[in-house]
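This is start17.cif (mmCIF, C-alpha atoms; chains and numbers go by the auth columns).
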```
data_model
#
loop_
_atom_site.group_PDB
_atom_site.id
_atom_site.type_symbol
_atom_site.label_atom_id
_atom_site.label_comp_id
_atom_site.label_asym_id
_atom_site.label_seq_id
_atom_site.Cartn_x
_atom_site.Cartn_y
_atom_site.Cartn_z
_atom_site.B_iso_or_equiv
_atom_site.auth_seq_id
_atom_site.auth_asym_id
ATOM 1 C CA MET A 1 -5.779 -58.473 30.525 0.00 1 A
ATOM 2 C CA THR A 2 -6.498 -55.990 27.817 0.00 2 A
ATOM 3 C CA ALA A 3 -4.255 -53.105 27.100 0.00 3 A
ATOM 4 C CA GLN A 4 -5.936 -49.775 27.252 0.00 4 A
ATOM 5 C CA LEU A 5 -4.693 -46.957 25.110 0.00 5 A
ATOM 6 C CA ARG A 6 -4.293 -43.841 27.086 0.00 6 A
ATOM 7 C CA ARG A 7 -4.573 -40.480 25.526 0.00 7 A
ATOM 8 C CA PRO A 8 -2.122 -37.955 26.792 0.00 8 A
ATOM 9 C CA LYS A 9 -3.580 -35.170 28.838 0.00 9 A
ATOM 10 C CA PRO A 10 -4.092 -31.995 26.900 0.00 10 A
ATOM 11 C CA LEU A 11 -1.498 -29.354 27.526 0.00 11 A
ATOM 12 C CA PRO A 12 -2.655 -26.536 29.785 0.00 12 A
ATOM 13 C CA TRP A 13 -1.755 -24.048 27.063 0.00 13 A
ATOM 14 C CA LYS A 14 -2.084 -24.087 23.353 0.00 14 A
ATOM 15 C CA ILE A 15 0.253 -22.446 20.908 0.00 15 A
ATOM 16 C CA SER A 16 -1.465 -20.903 17.959 0.00 16 A
ATOM 17 C CA VAL A 17 0.746 -19.661 15.173 0.00 17 A
ATOM 18 C CA THR A 18 -0.852 -17.802 12.330 0.00 18 A
ATOM 19 C CA ARG A 19 0.704 -16.033 9.421 0.00 19 A
ATOM 20 C CA PRO A 20 -0.370 -12.483 8.710 0.00 20 A
ATOM 21 C CA CYS A 21 -2.627 -12.152 5.675 0.00 21 A
ATOM 22 C CA ALA A 22 -2.373 -9.544 2.942 0.00 22 A
ATOM 23 C CA ILE A 23 -4.450 -8.302 0.050 0.00 23 A
ATOM 24 C CA ILE A 24 -2.785 -6.466 -2.819 0.00 24 A
ATOM 25 C CA CYS A 25 -4.760 -3.856 -4.790 0.00 25 A
ATOM 26 C CA LEU A 26 -3.371 -2.587 -8.053 0.00 26 A
ATOM 27 C CA THR A 27 -5.108 0.602 -9.151 0.00 27 A
ATOM 28 C CA GLY A 28 -5.422 2.130 -12.570 0.00 28 A
ATOM 29 C CA SER A 29 -7.894 1.973 -15.418 0.00 29 A
ATOM 30 C CA GLU A 30 -4.971 1.323 -17.746 0.00 30 A
ATOM 31 C CA LEU A 31 -4.625 -2.038 -15.951 0.00 31 A
ATOM 32 C CA THR A 32 -8.313 -2.945 -15.920 0.00 32 A
ATOM 33 C CA ARG A 33 -8.632 -2.077 -19.631 0.00 33 A
ATOM 34 C CA GLY A 34 -5.599 -4.203 -20.472 0.00 34 A
ATOM 35 C CA GLU A 35 -3.619 -1.254 -21.838 0.00 35 A
ATOM 36 C CA THR A 36 -0.743 -1.756 -19.405 0.00 36 A
ATOM 37 C CA ARG A 37 0.672 -5.005 -18.124 0.00 37 A
ATOM 38 C CA ASP A 38 1.003 -5.220 -14.351 0.00 38 A
ATOM 39 C CA ALA A 39 4.561 -5.417 -13.070 0.00 39 A
ATOM 40 C CA ASN A 40 3.875 -4.956 -9.351 0.00 40 A
ATOM 41 C CA GLY A 41 1.447 -7.699 -8.335 0.00 41 A
ATOM 42 C CA SER A 42 3.737 -10.680 -8.809 0.00 42 A
ATOM 43 C CA PHE A 43 6.676 -8.794 -7.280 0.00 43 A
ATOM 44 C CA LEU A 44 4.696 -7.900 -4.151 0.00 44 A
ATOM 45 C CA ALA A 45 3.146 -11.371 -3.833 0.00 45 A
ATOM 46 C CA THR A 46 6.557 -13.039 -4.128 0.00 46 A
ATOM 47 C CA GLU A 47 8.226 -10.692 -1.639 0.00 47 A
ATOM 48 C CA LEU A 48 5.413 -10.985 0.906 0.00 48 A
ATOM 49 C CA THR A 49 5.305 -14.775 0.608 0.00 49 A
ATOM 50 C CA THR A 50 9.071 -14.880 1.158 0.00 50 A
ATOM 51 C CA LEU A 51 8.534 -12.852 4.328 0.00 51 A
ATOM 52 C CA GLY A 52 5.949 -15.343 5.569 0.00 52 A
ATOM 53 C CA VAL A 53 2.859 -13.320 4.726 0.00 53 A
ATOM 54 C CA HIS A 54 -0.097 -15.183 3.224 0.00 54 A
ATOM 55 C CA VAL A 55 -1.371 -13.284 0.171 0.00 55 A
ATOM 56 C CA LYS A 56 -5.136 -13.899 0.074 0.00 56 A
ATOM 57 C CA GLU A 57 -5.997 -11.868 -2.983 0.00 57 A
ATOM 58 C CA LEU A 58 -4.622 -9.740 -5.782 0.00 58 A
ATOM 59 C CA ARG A 59 -7.199 -7.272 -7.087 0.00 59 A
ATOM 60 C CA LEU A 60 -7.225 -4.822 -10.009 0.00 60 A
ATOM 61 C CA LEU A 61 -9.279 -1.661 -9.508 0.00 61 A
ATOM 62 C CA PRO A 62 -10.088 1.094 -12.020 0.00 62 A
ATOM 63 C CA ASP A 63 -9.660 4.819 -11.439 0.00 63 A
ATOM 64 C CA ASP A 64 -13.158 5.188 -10.022 0.00 64 A
ATOM 65 C CA ARG A 65 -13.374 7.064 -6.716 0.00 65 A
ATOM 66 C CA PRO A 66 -16.535 5.393 -5.307 0.00 66 A
ATOM 67 C CA GLN A 67 -15.286 1.937 -6.253 0.00 67 A
ATOM 68 C CA LEU A 68 -11.838 2.582 -4.743 0.00 68 A
ATOM 69 C CA GLU A 69 -13.331 3.995 -1.552 0.00 69 A
ATOM 70 C CA GLU A 70 -15.660 1.016 -1.122 0.00 70 A
ATOM 71 C CA ALA A 71 -12.877 -1.492 -1.818 0.00 71 A
ATOM 72 C CA PHE A 72 -10.331 0.182 0.463 0.00 72 A
ATOM 73 C CA GLY A 73 -12.845 0.491 3.297 0.00 73 A
ATOM 74 C CA GLY A 74 -13.951 -3.124 3.133 0.00 74 A
ATOM 75 C CA LEU A 75 -10.547 -4.651 2.492 0.00 75 A
ATOM 76 C CA SER A 76 -8.812 -2.669 5.250 0.00 76 A
ATOM 77 C CA GLU A 77 -11.267 -4.241 7.704 0.00 77 A
ATOM 78 C CA SER A 78 -10.790 -7.785 6.404 0.00 78 A
ATOM 79 C CA THR A 79 -7.029 -8.281 6.326 0.00 79 A
ATOM 80 C CA ASP A 80 -3.903 -7.657 8.378 0.00 80 A
ATOM 81 C CA LEU A 81 -2.118 -5.869 5.552 0.00 81 A
ATOM 82 C CA LEU A 82 -3.624 -4.055 2.585 0.00 82 A
ATOM 83 C CA ILE A 83 -1.089 -2.970 0.000 0.00 83 A
ATOM 84 C CA ILE A 84 -2.245 -0.482 -2.617 0.00 84 A
ATOM 85 C CA SER A 85 -0.101 0.179 -5.673 0.00 85 A
ATOM 86 C CA GLY A 86 -0.717 3.158 -7.921 0.00 86 A
ATOM 87 C CA GLY A 87 -2.774 6.320 -7.951 0.00 87 A
ATOM 88 C CA LEU A 88 -0.280 8.578 -6.140 0.00 88 A
ATOM 89 C CA GLY A 89 0.624 10.853 -9.053 0.00 89 A
ATOM 90 C CA PRO A 90 -0.334 14.448 -9.891 0.00 90 A
ATOM 91 C CA THR A 91 -3.189 13.841 -12.335 0.00 91 A
ATOM 92 C CA ALA A 92 -6.956 13.942 -11.793 0.00 92 A
ATOM 93 C CA ASP A 93 -7.238 10.145 -12.092 0.00 93 A
ATOM 94 C CA ASP A 94 -4.720 9.543 -9.272 0.00 94 A
ATOM 95 C CA LEU A 95 -7.324 8.872 -6.594 0.00 95 A
ATOM 96 C CA THR A 96 -5.717 6.503 -4.089 0.00 96 A
ATOM 97 C CA ILE A 97 -5.043 8.944 -1.260 0.00 97 A
ATOM 98 C CA SER A 98 -8.394 10.728 -1.466 0.00 98 A
ATOM 99 C CA ALA A 99 -10.318 7.423 -1.640 0.00 99 A
ATOM 100 C CA LEU A 100 -8.289 5.888 1.193 0.00 100 A
ATOM 101 C CA ALA A 101 -8.710 8.951 3.408 0.00 101 A
ATOM 102 C CA ALA A 102 -12.472 8.928 2.822 0.00 102 A
ATOM 103 C CA ALA A 103 -12.693 5.167 3.448 0.00 103 A
ATOM 104 C CA LEU A 104 -10.854 5.535 6.758 0.00 104 A
ATOM 105 C CA GLY A 105 -12.633 8.740 7.804 0.00 105 A
ATOM 106 C CA ARG A 106 -9.438 10.781 7.827 0.00 106 A
ATOM 107 C CA LYS A 107 -8.163 13.994 6.278 0.00 107 A
ATOM 108 C CA ILE A 108 -5.480 14.470 3.652 0.00 108 A
ATOM 109 C CA THR A 109 -2.243 16.298 4.426 0.00 109 A
ATOM 110 C CA ILE A 110 0.856 17.106 2.409 0.00 110 A
ATOM 111 C CA ASP A 111 4.065 15.701 3.833 0.00 111 A
ATOM 112 C CA PRO A 112 6.517 18.615 4.268 0.00 112 A
ATOM 113 C CA ALA A 113 9.635 16.514 3.527 0.00 113 A
ATOM 114 C CA ALA A 114 8.093 15.096 0.359 0.00 114 A
ATOM 115 C CA ARG A 115 7.006 18.585 -0.714 0.00 115 A
ATOM 116 C CA GLU A 116 10.504 19.957 -0.219 0.00 116 A
ATOM 117 C CA ASN A 117 12.017 16.998 -2.087 0.00 117 A
ATOM 118 C CA MET A 118 9.596 17.559 -4.979 0.00 118 A
ATOM 119 C CA ARG A 119 10.290 21.298 -4.988 0.00 119 A
ATOM 120 C CA GLY A 120 14.042 20.691 -5.209 0.00 120 A
ATOM 121 C CA LYS A 121 13.673 18.210 -8.068 0.00 121 A
ATOM 122 C CA ALA A 122 11.289 20.531 -9.926 0.00 122 A
ATOM 123 C CA LEU A 123 13.665 23.488 -9.624 0.00 123 A
ATOM 124 C CA GLU A 124 16.360 21.383 -11.294 0.00 124 A
ATOM 125 C CA ARG A 125 14.130 21.373 -14.398 0.00 125 A
ATOM 126 C CA VAL A 126 12.442 24.772 -14.372 0.00 126 A
ATOM 127 C CA ALA A 127 13.793 28.284 -13.853 0.00 127 A
ATOM 128 C CA SER A 128 11.510 29.369 -11.017 0.00 128 A
ATOM 129 C CA GLU A 129 8.902 28.113 -8.578 0.00 129 A
ATOM 130 C CA ALA A 130 6.258 29.997 -10.574 0.00 130 A
ATOM 131 C CA GLU A 131 6.769 27.486 -13.396 0.00 131 A
ATOM 132 C CA ILE A 132 5.925 24.462 -11.225 0.00 132 A
ATOM 133 C CA PRO A 133 2.442 23.227 -12.211 0.00 133 A
ATOM 134 C CA GLY A 134 -0.271 23.665 -9.580 0.00 134 A
ATOM 135 C CA ASN A 135 -1.078 19.948 -9.406 0.00 135 A
ATOM 136 C CA PHE A 136 2.588 18.961 -8.982 0.00 136 A
ATOM 137 C CA TYR A 137 2.486 18.867 -5.175 0.00 137 A
ATOM 138 C CA LYS A 138 -0.551 16.554 -5.190 0.00 138 A
ATOM 139 C CA GLN A 139 2.051 13.775 -5.232 0.00 139 A
ATOM 140 C CA GLY A 140 3.010 14.692 -1.662 0.00 140 A
ATOM 141 C CA GLU A 141 -0.459 13.998 -0.270 0.00 141 A
ATOM 142 C CA VAL A 142 -0.814 11.378 2.456 0.00 142 A
ATOM 143 C CA VAL A 143 -3.593 10.251 4.767 0.00 143 A
ATOM 144 C CA GLU A 144 -3.590 12.098 8.078 0.00 144 A
ATOM 145 C CA GLY A 145 -1.622 10.178 10.718 0.00 145 A
ATOM 146 C CA ALA A 146 0.298 8.101 8.177 0.00 146 A
ATOM 147 C CA THR A 147 3.927 7.150 8.528 0.00 147 A
ATOM 148 C CA VAL A 148 5.562 8.576 5.411 0.00 148 A
ATOM 149 C CA LEU A 149 8.238 6.658 3.507 0.00 149 A
ATOM 150 C CA GLN A 150 10.246 8.928 1.247 0.00 150 A
ATOM 151 C CA ASN A 151 10.685 7.781 -2.325 0.00 151 A
ATOM 152 C CA PRO A 152 14.375 7.199 -3.157 0.00 152 A
ATOM 153 C CA ALA A 153 13.635 6.764 -6.868 0.00 153 A
ATOM 154 C CA GLY A 154 10.882 9.281 -7.606 0.00 154 A
ATOM 155 C CA LEU A 155 8.590 11.941 -6.220 0.00 155 A
ATOM 156 C CA ALA A 156 5.463 10.473 -4.616 0.00 156 A
ATOM 157 C CA PRO A 157 6.165 9.091 -1.147 0.00 157 A
ATOM 158 C CA ALA A 158 4.673 5.871 0.120 0.00 158 A
ATOM 159 C CA SER A 159 2.667 5.860 3.317 0.00 159 A
ATOM 160 C CA LEU A 160 1.662 3.422 6.027 0.00 160 A
ATOM 161 C CA VAL A 161 -1.644 3.905 7.813 0.00 161 A
ATOM 162 C CA GLU A 162 -2.578 1.959 10.930 0.00 162 A
ATOM 163 C CA THR A 163 -6.188 0.833 11.143 0.00 163 A
ATOM 164 C CA GLU A 164 -8.156 -0.997 13.815 0.00 164 A
ATOM 165 C CA ARG A 165 -7.510 -4.278 11.986 0.00 165 A
ATOM 166 C CA GLY A 166 -3.973 -3.809 10.694 0.00 166 A
ATOM 167 C CA LEU A 167 -1.944 -1.762 8.278 0.00 167 A
ATOM 168 C CA VAL A 168 -2.555 -0.144 4.894 0.00 168 A
ATOM 169 C CA ALA A 169 0.425 0.639 2.670 0.00 169 A
ATOM 170 C CA ALA A 170 -0.011 3.043 -0.258 0.00 170 A
ATOM 171 C CA LEU A 171 2.846 2.631 -2.749 0.00 171 A
ATOM 172 C CA PRO A 172 3.567 4.283 -6.107 0.00 172 A
ATOM 173 C CA GLY A 173 2.553 2.351 -9.196 0.00 173 A
ATOM 174 C CA VAL A 174 5.768 3.029 -11.097 0.00 174 A
ATOM 175 C CA PRO A 175 7.530 -0.361 -10.780 0.00 175 A
ATOM 176 C CA TYR A 176 11.083 0.843 -10.119 0.00 176 A
ATOM 177 C CA GLU A 177 9.810 3.326 -7.522 0.00 177 A
ATOM 178 C CA LEU A 178 7.669 0.685 -5.788 0.00 178 A
ATOM 179 C CA ARG A 179 10.609 -1.728 -5.656 0.00 179 A
ATOM 180 C CA ALA A 180 13.000 0.925 -4.358 0.00 180 A
ATOM 181 C CA ILE A 181 10.610 1.860 -1.541 0.00 181 A
ATOM 182 C CA PHE A 182 9.878 -1.783 -0.733 0.00 182 A
ATOM 183 C CA HIS A 183 13.559 -2.701 -0.478 0.00 183 A
ATOM 184 C CA GLU A 184 14.608 0.441 1.408 0.00 184 A
ATOM 185 C CA HIS A 185 11.718 0.815 3.856 0.00 185 A
ATOM 186 C CA LEU A 186 9.759 -2.401 4.114 0.00 186 A
#
```

Kindly present the structure from the file in structure tokens form.
Amino acid sequence: MTAQLRRPKPLPWKISVTRPCAIICLTGSELTRGETRDANGSFLATELTTLGVHVKELRLLPDDRPQLEEAFGGLSESTDLLIISGGLGPTADDLTISALAAALGRKITIDPAARENMRGKALERVASEAEIPGNFYKQGEVVEGATVLQNPAGLAPASLVETERGLVAALPGVPYELRAIFHEHL
């Protein structure tokens, strides 16, 4: 008599557990030229990993609108979570929101709460609203339909944009502002 090994019957259901995946983009030509050392990438990767998110890639991108738009469009379709750090300020090379809006086929709006917060902070430094620079309120721009996260440590708000694939988070590049928003809102 020979003993036959019996395989157990397969279960009628199968549990599939997957961790969400993220890609982190750090924007700024000062980073790609090596003029500034990144302080956000390792922080974000560590925090996301602690939360159980698999970080697939950390990418540096220059202040180049076509390159940002192409990267944001492609990456937002290939991952569950795209986190973008930087490019939310008032200067001409702060291109994150305009590139993201174009990549997602959406418009740009100015968040009223962020604008009012910026106005109040500006009036603490200048005598009248007429003295506030014209580009100052650019920092309040967000992609249409975004959930806005007010900045407890600075001016430019963060924003979360839902896409067909997942979520895109646009965060300030100033390290203490990014960390404050991450800990308070995310």

Please report, as JSON lines, each residue of stretch 104-151 of chain A lying at most 7 Å from stretch 83-90 of chain A, together with the nearest pair of atoms and the separation in Å rounded to one decimal; use only C-alpha atoms, and order rows by chain and ascending residue number.
```
{"residue": "A:Asn135", "atom": "CA", "partner": "A:Pro90", "partner_atom": "CA", "distance": 5.6}
{"residue": "A:Phe136", "atom": "CA", "partner": "A:Pro90", "partner_atom": "CA", "distance": 5.5}
{"residue": "A:Lys138", "atom": "CA", "partner": "A:Pro90", "partner_atom": "CA", "distance": 5.2}
{"residue": "A:Gln139", "atom": "CA", "partner": "A:Gly89", "partner_atom": "CA", "distance": 5.0}
```

Practice item. May I ask for the distance between atom CA of A:Ala113 and atom CA of A:Leu155, given in Å to one decimal place? Key: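 That distance, rounded to one decimal, is 10.8 Å.
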
Review point. Could you name the residues that touch A:Gly74 at 12 Å or less, counting only C-alpha atoms, but leaving out those on the same chain fewer than 3 positions away, as a ChimeraX atom specification?
Key: /A:23,67-71,77-79,82,100,103-104,163,165,168

Practice item. Give me the residues within 7 Å of A:Ala180 as a PyMOL selection string, counting all atoms listed in the file and dropping any in the same chain fewer than 4 places off. Key: chain A and resi 152-153+176+184

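We find atom CA of A:Phe72 and atom CA of A:Val161 to be spaced 12.0 Å apart.
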
Check your understanding: Do you know which residues the PyMOL selection byres ((chain A and resi 93) around 9) returns on this file, as a PyMOL selection string?
Key -> chain A and resi 28-29+63-65+87+89-92+94-96

Exercise for review: For A:Ile108, list every protein, DNA or RNA residue within 9 Å, evaluated using only C-alpha atoms, and leave out those in the same chain fewer than 4 positions away; present the list as a PyMOL selection string.
Suggested key: chain A and resi 97-98+101-102+141-144

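Using all atoms listed in the file, the residues found no farther than 8 Å from stretch 48-56 of chain A, other than those of its own chain fewer than 2 positions away, are Arg19, Pro20, Cys21, Ala22, Ile23, Ile24, Leu44, Ala45, Thr46 and Leu58 of chain A.
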
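Reported to one decimal place, the separation of atom CA of A:Leu31 from atom CA of A:Leu61 is 8.0 Å.
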
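You can rank A:Glu131, A:Ala122, A:Gly154, A:Glu116 by their closest distance to A:Pro175 using only C-alpha atoms, and at the top of that list sits A:Gly154.
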
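Each of A:Thr109, A:Asn151, A:Thr18, A:Ser159 was compared to A:Asp80 using only C-alpha atoms, and A:Thr18 turns out to be the nearest.
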
Check your understanding: Of the residues A:Leu123, A:Ala146, A:Ala158, A:Leu75, which is the one nearest to A:Arg179, using all atoms listed in the file?
Key ->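 When distances to A:Arg179 are compared using all atoms listed in the file, the smallest one comes from A:Ala158.
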
Review point. Which is closest to A:Pro172 among A:Pro62, A:His185, A:Lys121, A:Pro157, if we use all atoms listed in the file?
Key: A:Pro157
